[in-house]
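Containing compact mmCIF, C-alpha atoms: run34.txt.
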# COMPACT_ATOMS: atom_id res chain seq x y z
CA MET A 1 72.42 72.29 209.49
CA LYS A 2 70.96 75.47 207.98
CA PHE A 3 69.01 77.54 210.49
CA PHE A 4 66.78 80.54 210.22
CA TRP A 5 67.25 82.84 213.17
CA LYS A 6 64.41 84.39 215.10
CA LYS A 7 64.53 88.14 215.16
CA GLU A 8 62.79 90.56 217.50
CA LYS A 9 61.71 93.50 215.41
CA LYS A 10 61.55 96.96 216.87
CA ALA A 11 59.70 100.02 215.62
CA VAL A 12 60.18 101.10 212.04
CA GLY A 13 63.54 102.80 211.56
CA GLU A 14 65.16 101.07 214.49
CA GLU A 15 67.83 98.42 214.16
CA ILE A 16 66.89 94.73 214.24
CA ARG A 17 69.31 93.12 216.66
CA GLU A 18 69.76 89.37 216.99
CA GLN A 19 72.32 89.22 219.76
CA GLU A 20 74.26 91.75 221.77
CA PRO A 21 77.88 91.72 220.55
CA SER A 22 80.47 90.50 222.98
CA GLU A 23 83.04 92.83 224.45
CA GLU A 24 85.73 91.32 222.25
CA THR A 25 84.27 92.83 219.14
CA GLY A 26 84.90 96.35 220.39
CA GLN A 27 83.18 99.27 218.73
CA ALA A 28 83.04 100.24 215.07
CA ALA A 29 83.33 103.98 215.51
CA SER A 30 82.15 106.66 213.13
CA ALA A 31 84.60 108.15 210.66
CA ALA A 32 83.94 111.63 211.99
CA GLY A 33 86.62 112.57 214.43
CA GLU A 34 88.34 109.20 214.18
CA ARG A 35 92.11 109.33 214.64
CA GLU A 36 93.78 107.57 211.69
CA ASP A 37 95.24 104.14 212.40
CA ALA A 38 93.79 104.01 215.93
CA PRO A 39 90.06 103.19 215.71
CA SER A 40 88.30 103.39 219.01
CA SER A 41 87.44 100.23 220.90
CA VAL A 42 85.77 102.09 223.80
CA PRO A 43 82.47 100.40 224.78
CA ALA A 44 79.46 101.85 222.97
CA GLU A 45 77.78 103.06 226.15
CA GLU A 46 80.67 105.48 226.70
CA ILE A 47 80.23 107.08 223.29
CA PRO A 48 76.92 108.97 223.13
CA GLY A 49 74.99 108.42 219.95
CA GLU A 50 77.15 105.53 218.75
CA GLN A 51 75.88 102.05 217.99
CA GLU A 52 77.67 98.79 218.49
CA PRO A 53 78.52 96.68 215.45
CA GLU A 54 75.93 94.00 214.83
CA VAL A 55 77.15 90.45 215.33
CA ILE A 56 75.27 87.61 213.67
CA PRO A 57 75.72 84.45 215.78
CA ASP A 58 77.37 81.34 214.44
CA THR A 59 74.97 78.41 214.23
CA GLU A 60 77.49 76.13 215.94
CA ASP A 61 77.64 78.24 219.08
CA THR A 62 73.92 78.93 219.53
CA ALA A 63 72.17 75.99 217.96
CA GLU A 64 69.83 75.67 220.92
CA GLU A 65 68.26 79.04 220.04
CA ALA A 66 67.67 78.17 216.41
CA GLN A 67 64.36 77.30 214.88
CA VAL A 68 64.28 74.75 212.09
CA LEU A 69 61.45 75.69 209.76
CA PRO A 70 59.36 72.99 208.11
CA GLY A 71 61.01 71.73 204.97
CA THR A 72 64.39 73.13 205.92
CA PRO A 73 67.11 70.61 205.01
CA GLU A 74 69.33 69.47 207.86
CA THR A 75 72.41 69.64 205.68
CA ALA A 76 73.69 72.15 203.16
CA PRO A 77 72.15 71.67 199.72
CA GLU A 78 74.16 69.31 197.58
CA LYS A 79 75.46 70.40 194.20
CA PRO A 80 73.38 69.20 191.25
CA GLU A 81 74.06 65.58 190.43
CA GLY A 82 76.06 64.85 187.32
CA LYS A 83 77.46 68.35 186.99
CA GLY A 84 80.71 69.01 188.82
CA PHE A 85 82.59 72.28 188.63
CA PHE A 86 84.54 71.28 185.53
CA ALA A 87 81.28 70.71 183.65
CA ARG A 88 80.01 74.09 184.84
CA LEU A 89 83.30 75.67 183.80
CA VAL A 90 82.96 74.21 180.31
CA SER A 91 79.41 75.55 180.12
CA GLY A 92 80.35 78.94 181.59
CA LEU A 93 83.20 79.49 179.14
CA ALA A 94 81.05 78.69 176.10
CA LYS A 95 81.06 82.28 174.80
CA THR A 96 84.82 82.64 175.19
CA ARG A 97 85.41 79.20 173.69
CA ASN A 98 83.36 80.08 170.60
CA SER A 99 85.12 83.41 170.24
CA ILE A 100 88.76 82.44 170.91
CA ALA A 101 89.25 78.67 170.77
CA GLY A 102 86.75 78.19 167.95
CA SER A 103 88.40 80.87 165.84
CA LEU A 104 91.88 79.49 166.54
CA ASN A 105 90.76 75.99 165.55
CA ARG A 106 89.49 77.32 162.24
CA VAL A 107 92.88 78.93 161.55
CA PHE A 108 94.67 75.65 162.28
CA MET A 109 92.36 73.81 159.88
CA ARG A 110 92.21 76.40 157.10
CA HIS A 111 95.93 77.05 156.62
CA SER A 112 98.02 74.56 154.71
CA GLN A 113 101.37 75.99 155.75
CA ILE A 114 102.97 77.89 158.62
CA ASP A 115 103.78 81.39 157.42
CA GLU A 116 103.40 85.01 158.47
CA ASP A 117 99.73 85.07 157.48
CA PHE A 118 99.15 82.11 159.79
CA TYR A 119 100.80 83.84 162.76
CA GLU A 120 99.06 87.15 162.03
CA GLU A 121 95.64 85.50 162.15
CA LEU A 122 96.46 83.84 165.45
CA GLU A 123 97.64 87.17 166.81
CA GLU A 124 94.47 89.00 165.76
CA ILE A 125 92.19 86.42 167.38
CA MET A 126 94.07 86.41 170.68
CA ILE A 127 94.25 90.20 170.96
CA THR A 128 90.57 90.70 170.13
CA GLY A 129 89.78 88.03 172.72
CA ASP A 130 91.43 90.26 175.35
CA MET A 131 94.49 88.11 175.85
CA GLY A 132 96.50 91.32 175.59
CA VAL A 133 99.31 92.43 173.27
CA GLU A 134 102.11 91.50 175.66
CA THR A 135 100.68 88.06 176.46
CA THR A 136 99.91 87.32 172.82
CA ASP A 137 103.43 88.28 171.77
CA ARG A 138 104.90 86.05 174.47
CA ILE A 139 102.79 83.04 173.42
CA LEU A 140 103.50 83.46 169.72
CA THR A 141 107.22 83.95 170.31
CA ASP A 142 107.28 80.69 172.22
CA LEU A 143 105.26 78.97 169.49
CA LYS A 144 107.61 80.13 166.76
CA ARG A 145 110.59 78.91 168.74
CA GLN A 146 109.10 75.45 169.17
CA VAL A 147 108.05 75.26 165.51
CA LYS A 148 111.62 75.98 164.48
CA GLU A 149 113.25 73.64 167.00
CA LYS A 150 110.90 70.74 166.27
CA ARG A 151 110.78 71.44 162.55
CA ILE A 152 107.01 71.45 162.46
CA ARG A 153 105.43 71.92 159.04
CA GLU A 154 101.71 71.36 159.60
CA PRO A 155 99.62 74.19 161.18
CA GLY A 156 97.45 71.62 162.96
CA GLU A 157 100.45 70.45 164.95
CA CYS A 158 100.73 73.91 166.49
CA ARG A 159 97.45 73.61 168.36
CA GLU A 160 98.71 71.57 171.31
CA LEU A 161 101.87 73.68 171.51
CA LEU A 162 99.78 76.83 171.77
CA ILE A 163 97.53 75.29 174.45
CA GLU A 164 100.54 74.35 176.57
CA SER A 165 101.95 77.85 176.17
CA VAL A 166 98.65 79.33 177.36
CA LYS A 167 98.78 77.12 180.47
CA ASP A 168 102.32 78.31 181.18
CA GLN A 169 101.06 81.90 181.39
CA MET A 170 98.76 81.04 184.31
CA LYS A 171 100.90 79.24 186.85
CA VAL A 172 99.60 79.22 190.43
CA GLY A 173 102.38 78.82 193.00
CA GLU A 174 102.62 75.93 195.43
CA ASN A 175 102.01 78.29 198.35
CA ALA A 176 99.04 80.05 196.77
CA TYR A 177 96.58 78.72 199.36
CA ASP A 178 98.79 78.55 202.45
CA PHE A 179 96.51 81.10 204.08
CA GLU A 180 93.95 78.33 204.53
CA LYS A 181 96.08 76.99 207.37
CA GLY A 182 95.11 80.09 209.36
CA PRO A 183 94.88 82.32 211.11
CA ALA A 184 94.40 84.49 208.05
CA VAL A 185 92.99 87.88 207.13
CA VAL A 186 91.72 88.12 203.56
CA LEU A 187 90.97 91.63 202.32
CA ILE A 188 88.57 91.68 199.36
CA ILE A 189 88.85 94.84 197.27
CA GLY A 190 87.61 96.14 193.93
CA VAL A 191 85.23 98.67 192.38
CA ASN A 192 81.49 98.52 192.92
CA GLY A 193 79.50 96.09 190.82
CA VAL A 194 82.19 93.46 190.22
CA GLY A 195 80.84 90.99 192.78
CA LYS A 196 82.92 91.66 195.92
CA THR A 197 80.15 91.04 198.42
CA THR A 198 78.94 87.92 196.65
CA SER A 199 82.50 86.60 196.47
CA VAL A 200 82.96 87.12 200.21
CA GLY A 201 79.75 85.22 200.89
CA LYS A 202 80.68 82.34 198.62
CA MET A 203 84.18 82.06 200.08
CA ALA A 204 82.64 81.97 203.55
CA GLY A 205 80.40 79.11 202.44
CA ILE A 206 83.29 77.17 200.93
CA TYR A 207 85.54 77.44 203.98
CA ARG A 208 82.73 76.88 206.49
CA ALA A 209 81.88 73.65 204.65
CA ALA A 210 85.56 72.70 204.86
CA GLY A 211 85.38 72.92 208.65
CA LYS A 212 87.04 76.31 209.05
CA LYS A 213 85.88 78.89 211.58
CA VAL A 214 85.08 81.96 209.50
CA LEU A 215 84.26 85.54 210.45
CA ILE A 216 83.05 88.23 208.04
CA ALA A 217 83.82 91.93 208.42
CA SER A 218 81.25 94.07 206.62
CA ALA A 219 83.46 97.10 206.01
CA ASP A 220 81.61 98.42 202.96
CA THR A 221 79.78 101.03 205.00
CA PHE A 222 79.25 103.43 202.11
CA ARG A 223 77.01 101.34 199.85
CA ALA A 224 73.33 101.17 200.65
CA ALA A 225 72.13 97.66 201.52
CA ALA A 226 75.69 96.27 201.62
CA ASN A 227 75.23 95.10 205.21
CA GLU A 228 71.91 93.45 204.46
CA GLN A 229 73.29 91.63 201.45
CA LEU A 230 76.34 90.34 203.30
CA THR A 231 74.26 89.41 206.36
CA GLU A 232 72.11 87.20 204.16
CA TRP A 233 75.24 85.46 202.85
CA ALA A 234 76.46 85.00 206.42
CA HIS A 235 73.14 83.36 207.29
CA ARG A 236 73.47 80.97 204.37
CA ALA A 237 77.02 80.05 205.30
CA GLY A 238 76.32 79.85 209.02
CA VAL A 239 79.10 82.22 210.05
CA ASP A 240 79.43 85.31 212.26
CA ILE A 241 79.42 88.79 210.76
CA ILE A 242 80.47 92.10 212.28
CA SER A 243 78.95 95.24 210.81
CA ALA A 244 78.24 98.87 211.65
CA PRO A 245 75.65 101.47 210.63
CA GLU A 246 75.89 102.97 207.15
CA GLY A 247 78.44 105.78 207.01
CA SER A 248 80.63 104.41 209.82
CA ASP A 249 84.39 104.30 209.51
CA PRO A 250 85.32 101.13 207.54
CA ALA A 251 88.69 100.90 209.27
CA SER A 252 86.94 100.73 212.64
CA VAL A 253 84.89 97.77 211.49
CA VAL A 254 88.07 95.99 210.40
CA PHE A 255 89.77 96.89 213.67
CA ASP A 256 86.91 95.41 215.73
CA SER A 257 86.75 92.36 213.47
CA VAL A 258 90.47 91.66 213.87
CA LYS A 259 90.14 91.87 217.66
CA ALA A 260 87.18 89.49 217.56
CA ALA A 261 88.95 87.07 215.22
CA LYS A 262 91.94 86.84 217.56
CA ALA A 263 89.78 86.40 220.66
CA ARG A 264 87.60 83.69 219.10
CA GLY A 265 90.32 81.71 217.41
CA VAL A 266 88.94 82.36 213.93
CA ASP A 267 90.72 80.56 211.08
CA ILE A 268 89.81 82.98 208.29
CA LEU A 269 88.63 86.58 208.56
CA LEU A 270 87.06 87.80 205.30
CA CYS A 271 86.87 91.60 204.97
CA ASP A 272 84.51 93.16 202.46
CA THR A 273 85.45 96.73 201.53
CA ALA A 274 83.94 99.72 199.79
CA GLY A 275 84.35 100.10 196.05
CA ARG A 276 83.71 103.82 195.95
CA LEU A 277 84.02 106.66 198.41
CA HIS A 278 83.64 110.34 197.53
CA ASN A 279 86.49 110.07 195.08
CA LYS A 280 89.27 107.69 194.04
CA LYS A 281 91.80 109.32 196.36
CA ASN A 282 89.59 108.78 199.42
CA LEU A 283 89.05 105.14 198.50
CA MET A 284 92.74 104.43 198.11
CA GLU A 285 93.61 106.23 201.35
CA GLU A 286 90.98 104.20 203.22
CA LEU A 287 92.48 100.97 201.88
CA ARG A 288 95.95 102.06 203.00
CA LYS A 289 94.57 102.77 206.46
CA ILE A 290 92.87 99.36 206.68
CA ASP A 291 96.02 97.63 205.48
CA ARG A 292 98.12 99.32 208.17
CA ILE A 293 95.63 98.39 210.89
CA ILE A 294 95.65 94.70 209.94
CA THR A 295 99.44 94.64 209.80
CA ARG A 296 99.74 96.33 213.18
CA GLU A 297 96.99 94.45 215.04
CA PHE A 298 97.46 90.96 213.61
CA PRO A 299 101.09 90.62 212.45
CA GLU A 300 101.13 86.83 212.94
CA ALA A 301 98.24 86.20 210.55
CA TYR A 302 98.56 85.11 206.93
CA ARG A 303 97.75 88.13 204.77
CA GLU A 304 95.92 88.00 201.46
CA ASN A 305 94.68 90.93 199.39
CA PHE A 306 92.34 89.69 196.67
CA ILE A 307 91.05 92.01 193.99
CA VAL A 308 87.72 91.09 192.42
CA LEU A 309 87.56 91.72 188.67
CA ASP A 310 84.55 91.45 186.39
CA GLY A 311 85.50 89.25 183.43
CA THR A 312 83.09 91.11 181.15
CA THR A 313 85.09 94.35 181.42
CA GLY A 314 88.06 93.00 179.46
CA GLN A 315 91.14 95.19 179.42
CA ASN A 316 89.53 97.62 181.87
CA ALA A 317 90.05 94.93 184.51
CA LEU A 318 93.80 95.25 183.98
CA SER A 319 93.62 98.98 184.65
CA GLN A 320 91.68 98.40 187.86
CA ALA A 321 94.25 95.88 189.07
CA ARG A 322 97.08 98.30 188.36
CA ASP A 323 95.34 101.14 190.24
CA PHE A 324 94.65 99.06 193.36
CA GLY A 325 98.11 97.54 193.16
CA GLU A 326 99.56 100.99 193.79
CA VAL A 327 98.13 101.14 197.31
CA THR A 328 98.16 97.53 198.46
CA ASN A 329 100.13 94.39 197.77
CA LEU A 330 97.75 92.33 195.63
CA THR A 331 98.27 88.61 196.21
CA GLY A 332 95.45 87.16 194.17
CA ILE A 333 92.61 87.75 191.75
CA ILE A 334 88.99 86.66 191.89
CA LEU A 335 87.49 86.60 188.39
CA THR A 336 83.71 86.86 188.30
CA LYS A 337 80.97 86.73 185.65
CA MET A 338 83.12 84.67 183.31
CA ASP A 339 79.95 83.01 182.00
CA GLY A 340 78.75 86.33 180.59
CA THR A 341 81.65 87.25 178.33
CA SER A 342 83.16 86.17 175.03
CA ARG A 343 86.42 87.89 176.01
CA GLY A 344 87.58 85.51 178.73
CA GLY A 345 91.14 85.78 177.49
CA ILE A 346 91.53 88.42 180.19
CA ALA A 347 92.11 85.55 182.64
CA ILE A 348 95.30 84.75 180.76
CA ALA A 349 96.40 88.36 180.25
CA ILE A 350 96.02 89.40 183.89
CA GLN A 351 98.37 86.75 185.22
CA ALA A 352 100.89 87.07 182.43
CA GLU A 353 101.10 90.87 182.46
CA LEU A 354 100.68 91.64 186.16
CA GLY A 355 102.25 88.56 187.69
CA ILE A 356 99.26 88.18 190.03
CA PRO A 357 97.68 84.71 190.07
CA VAL A 358 93.98 84.12 189.62
CA LYS A 359 92.94 82.18 192.74
CA PHE A 360 89.16 81.94 192.40
CA ILE A 361 86.82 82.01 189.43
CA GLY A 362 83.06 82.43 189.14
CA VAL A 363 81.01 81.16 186.22
CA GLY A 364 77.48 81.59 187.58
CA GLU A 365 75.25 82.77 190.39
CA HIS A 366 75.24 79.66 192.58
CA LEU A 367 77.75 78.72 195.28
CA GLU A 368 78.80 75.69 193.23
CA ASP A 369 79.74 78.02 190.35
CA PHE A 370 82.54 79.57 192.41
CA GLN A 371 85.73 77.58 193.00
CA LYS A 372 89.50 77.73 193.20
CA PHE A 373 91.18 78.47 189.90
CA SER A 374 92.98 75.67 188.07
CA PRO A 375 95.03 76.75 185.01
CA GLU A 376 94.85 73.24 183.58
CA GLU A 377 91.09 72.90 183.93
CA PHE A 378 90.53 76.44 182.67
CA THR A 379 92.58 75.78 179.56
CA ASN A 380 90.99 72.37 178.98
CA ALA A 381 87.54 73.91 179.29
CA LEU A 382 88.48 76.83 177.04
CA PHE A 383 89.74 74.56 174.27
CA ALA A 384 87.05 71.94 174.92
CA GLU A 385 89.58 69.32 175.97
CA LEU A 386 87.35 67.07 178.06
CA PRO A 387 89.43 64.31 179.69
CA ASP A 388 87.70 61.39 181.38
CA ARG A 389 86.85 62.33 184.95
CA GLN A 390 84.29 61.62 187.61
CA GLU A 391 82.05 64.64 188.02
Would you write the structure of this file as structure tokens?
Amino acid sequence: MKFFWKKEKKAVGEEIREQEPSEETGQAASAAGEREDAPSSVPAEEIPGEQEPEVIPDTEDTAEEAQVLPGTPETAPEKPEGKGFFARLVSGLAKTRNSIAGSLNRVFMRHSQIDEDFYEELEEIMITGDMGVETTDRILTDLKRQVKEKRIREPGECRELLIESVKDQMKVGENAYDFEKGPAVVLIIGVNGVGKTTSVGKMAGIYRAAGKKVLIASADTFRAAANEQLTEWAHRAGVDIISAPEGSDPASVVFDSVKAAKARGVDILLCDTAGRLHNKKNLMEELRKIDRIITREFPEAYRENFIVLDGTTGQNALSQARDFGEVTNLTGIILTKMDGTSRGGIAIAIQAELGIPVKFIGVGEHLEDFQKFSPEEFTNALFAELPDRQE
């Protein structure tokens, strides 16, 4: 059931508080004077001038306090009839399909023989589609090998071979989603503007709907309105959120959130993080600090570090992944805004060149447009291979 929570507003400029946080959440202390790796958990009343992190109550635990507004559905909104995620993926990849797959199809049809000109055209299309030089070379090398071994003469026969080779570049391991068993801490990182906060909110909605107990840590304390945006997503998903005033120490928020997750038996703790501090060095050092705190305070938890990459940025996304990979062990990629680019080949290049699997993909603004990544469905949608299936 989706609830809208009553709030008691105070004077302008004062915080709107929905529920006093429990002692288990501890205190998200300010960065000033904070000893690295040991955020304070001293009760707020013992620290003059400090504020406790705001905790948004879970609808399951406090349903008796909720008010159901007229017209509010008693269940989460259903996805539009007749359009499952595969159909939305096909629609969302339209620009990339026209740019890459459409151009490749024309090469297969136009050429009458397999020669160097044929391979060079394929290479040009894949590189300009942001599949990357290394990935393109790997795919074409494999294609040439198969053409020779199978004694293929017709260019059109190379199409299916190339599609299968593309799929092979995007393998997702059998244990890719083991963290769902819980308890798990999922750190969401990336630069500002790529969709980190939205991705956290959508993941919370997905796992809450799957029956998981989810907690959100709003550790992006340097971006204006970050807390408000994430709090709204928490409301939609019906999950708890722990936050702190703007400018607070992000590591302290994570520290308090880990303590709360352990005390409450949370299945998945989702941690939003800042995308920009005063400079790149400060950002990377803050991420190292957060990573050490999670490892020290919750060693038994599954650990996932997902980097969110904007699909419209092309090869720049690769550079971002490499930079963040220097300070934390990246275990997965969340690709966003794939519906707004004609250069979606980056989804193939990232996995092939960095060895980091894409685990979630977004092709629109709605919750239903964000799902786990399937190499097979991505490739089928990219090349407009539409097998019979129930949407």
Among listed residues A:Leu161, A:Val133, A:Ile290, A:Val166, nearest Phe108 in chain A (using only C-alpha atoms):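 Closest candidate: A:Leu161.
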Closest contacts (range 223-334 of chain A/range 360-363 of chain A, max 10 Å, all atoms listed in the file) as a tab-separated table:
residue	atom	partner	partner_atom	distance
A:Phe306	CA	A:Phe360	CA	9.4
A:Val308	CA	A:Phe360	CA	9.3
A:Leu309	CA	A:Ile361	CA	9.8
A:Asp310	CA	A:Gly362	CA	9.5
A:Gly311	CA	A:Gly362	CA	9.2
A:Gly332	CA	A:Phe360	CA	8.4
A:Ile333	CA	A:Phe360	CA	6.8
A:Ile334	CA	A:Phe360	CA	4.8
Counting all atoms listed in the file, the option among A:Ile216, A:Leu335, A:Ala317, A:Leu330 closest to Gly355 in chain A: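 Once distances to Gly355 in chain A are computed over all atoms listed in the file, the minimum belongs to A:Leu330.
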Minimum-distance residue to His366 in chain A, chosen among A:Thr336, A:Lys95, A:Lys289, A:Asp272 (using all atoms listed in the file): A:Thr336
Residue nearest Leu283 in chain A - candidates A:Thr295, A:Thr312, A:Asn192, A:Thr331, atoms counted: all atoms listed in the file: A:Asn192
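Straight-line separation from CA of Ala204 in chain A to CA of Asp339 in chain A: 21.7 Å.
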Pairwise distance for CA of Gln169 in chain A and CA of Ala352 in chain A, rounded to one decimal in Å: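 Separation of CA of Gln169 in chain A and CA of Ala352 in chain A: 5.3 Å.
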Nearest-residue call for Gly344 in chain A, choices A:Leu140, A:Cys158, A:Met131, A:Ile125, using only C-alpha atoms: A:Met131
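Atom pair CA of Gln229 in chain A / CA of Glu368 in chain A has a distance of 18.8 Å (rounded to one decimal).
With all atoms listed in the file as the basis for measurement, A:Pro183 is the residue among A:Pro183, A:Gln320, A:Val194, A:Pro250 that approaches Arg264 in chain A most closely.
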Within 8 Å of Phe118 in chain A using only C-alpha atoms, minus same-chain residues under 5 positions, as JSON, numbers by chain: {"A": [107, 111, 113]}
Once 3 Å is added on each side, what centre and edge lengths in Å to one decimal does the axis-aligned box around all listed atoms of range 141-154 of chain A have, as AutoDock Vina command-line options?
--center_x 107.5 --center_y 77.3 --center_z 165.6 --size_x 17.5 --size_y 19.2 --size_z 19.2
Within 12 Å of file point (95.4, 90.8, 217.4), counting all atoms listed in the file, expressed as a PyMOL selection string: chain A and resi 24-25+183-185+254-266+269+293-301
Who sits within 12 Å of Asn105 in chain A, all atoms listed in the file, same chain under 2 positions skipped, as an MDAnalysis selection string: chainID A and resid 97:103 107:111 118 121:122 125 155:160 162:163 382:384
Quick one: which range 136-229 of chain A residues come within 12 Å of range 284-287 of chain A, and what is the nearest atom pair for each with the distance in Å to one decimal, counting all atoms listed in the file, rows ordered by chain and ascending number, as CSV?
residue,atom,partner,partner_atom,distance
A:Leu187,CA,A:Leu287,CA,9.5
A:Ile188,CA,A:Leu287,CA,10.4
A:Ile189,CA,A:Leu287,CA,8.5
A:Gly190,CA,A:Leu287,CA,10.5
A:Val191,CA,A:Met284,CA,11.1
A:Ala219,CA,A:Leu287,CA,10.6
A:Asp220,CA,A:Glu286,CA,11.0
A:Thr221,CA,A:Glu286,CA,11.8
A:Phe222,CA,A:Glu286,CA,11.8
Near-Phe373 in chain A list (12 Å; all atoms listed in the file; drop same-chain fewer than 3 positions) as a VMD selection string: chain A and resid 85 to 86 89 170 to 173 176 to 177 332 to 336 347 to 348 351 357 to 363 369 to 370 376 to 379
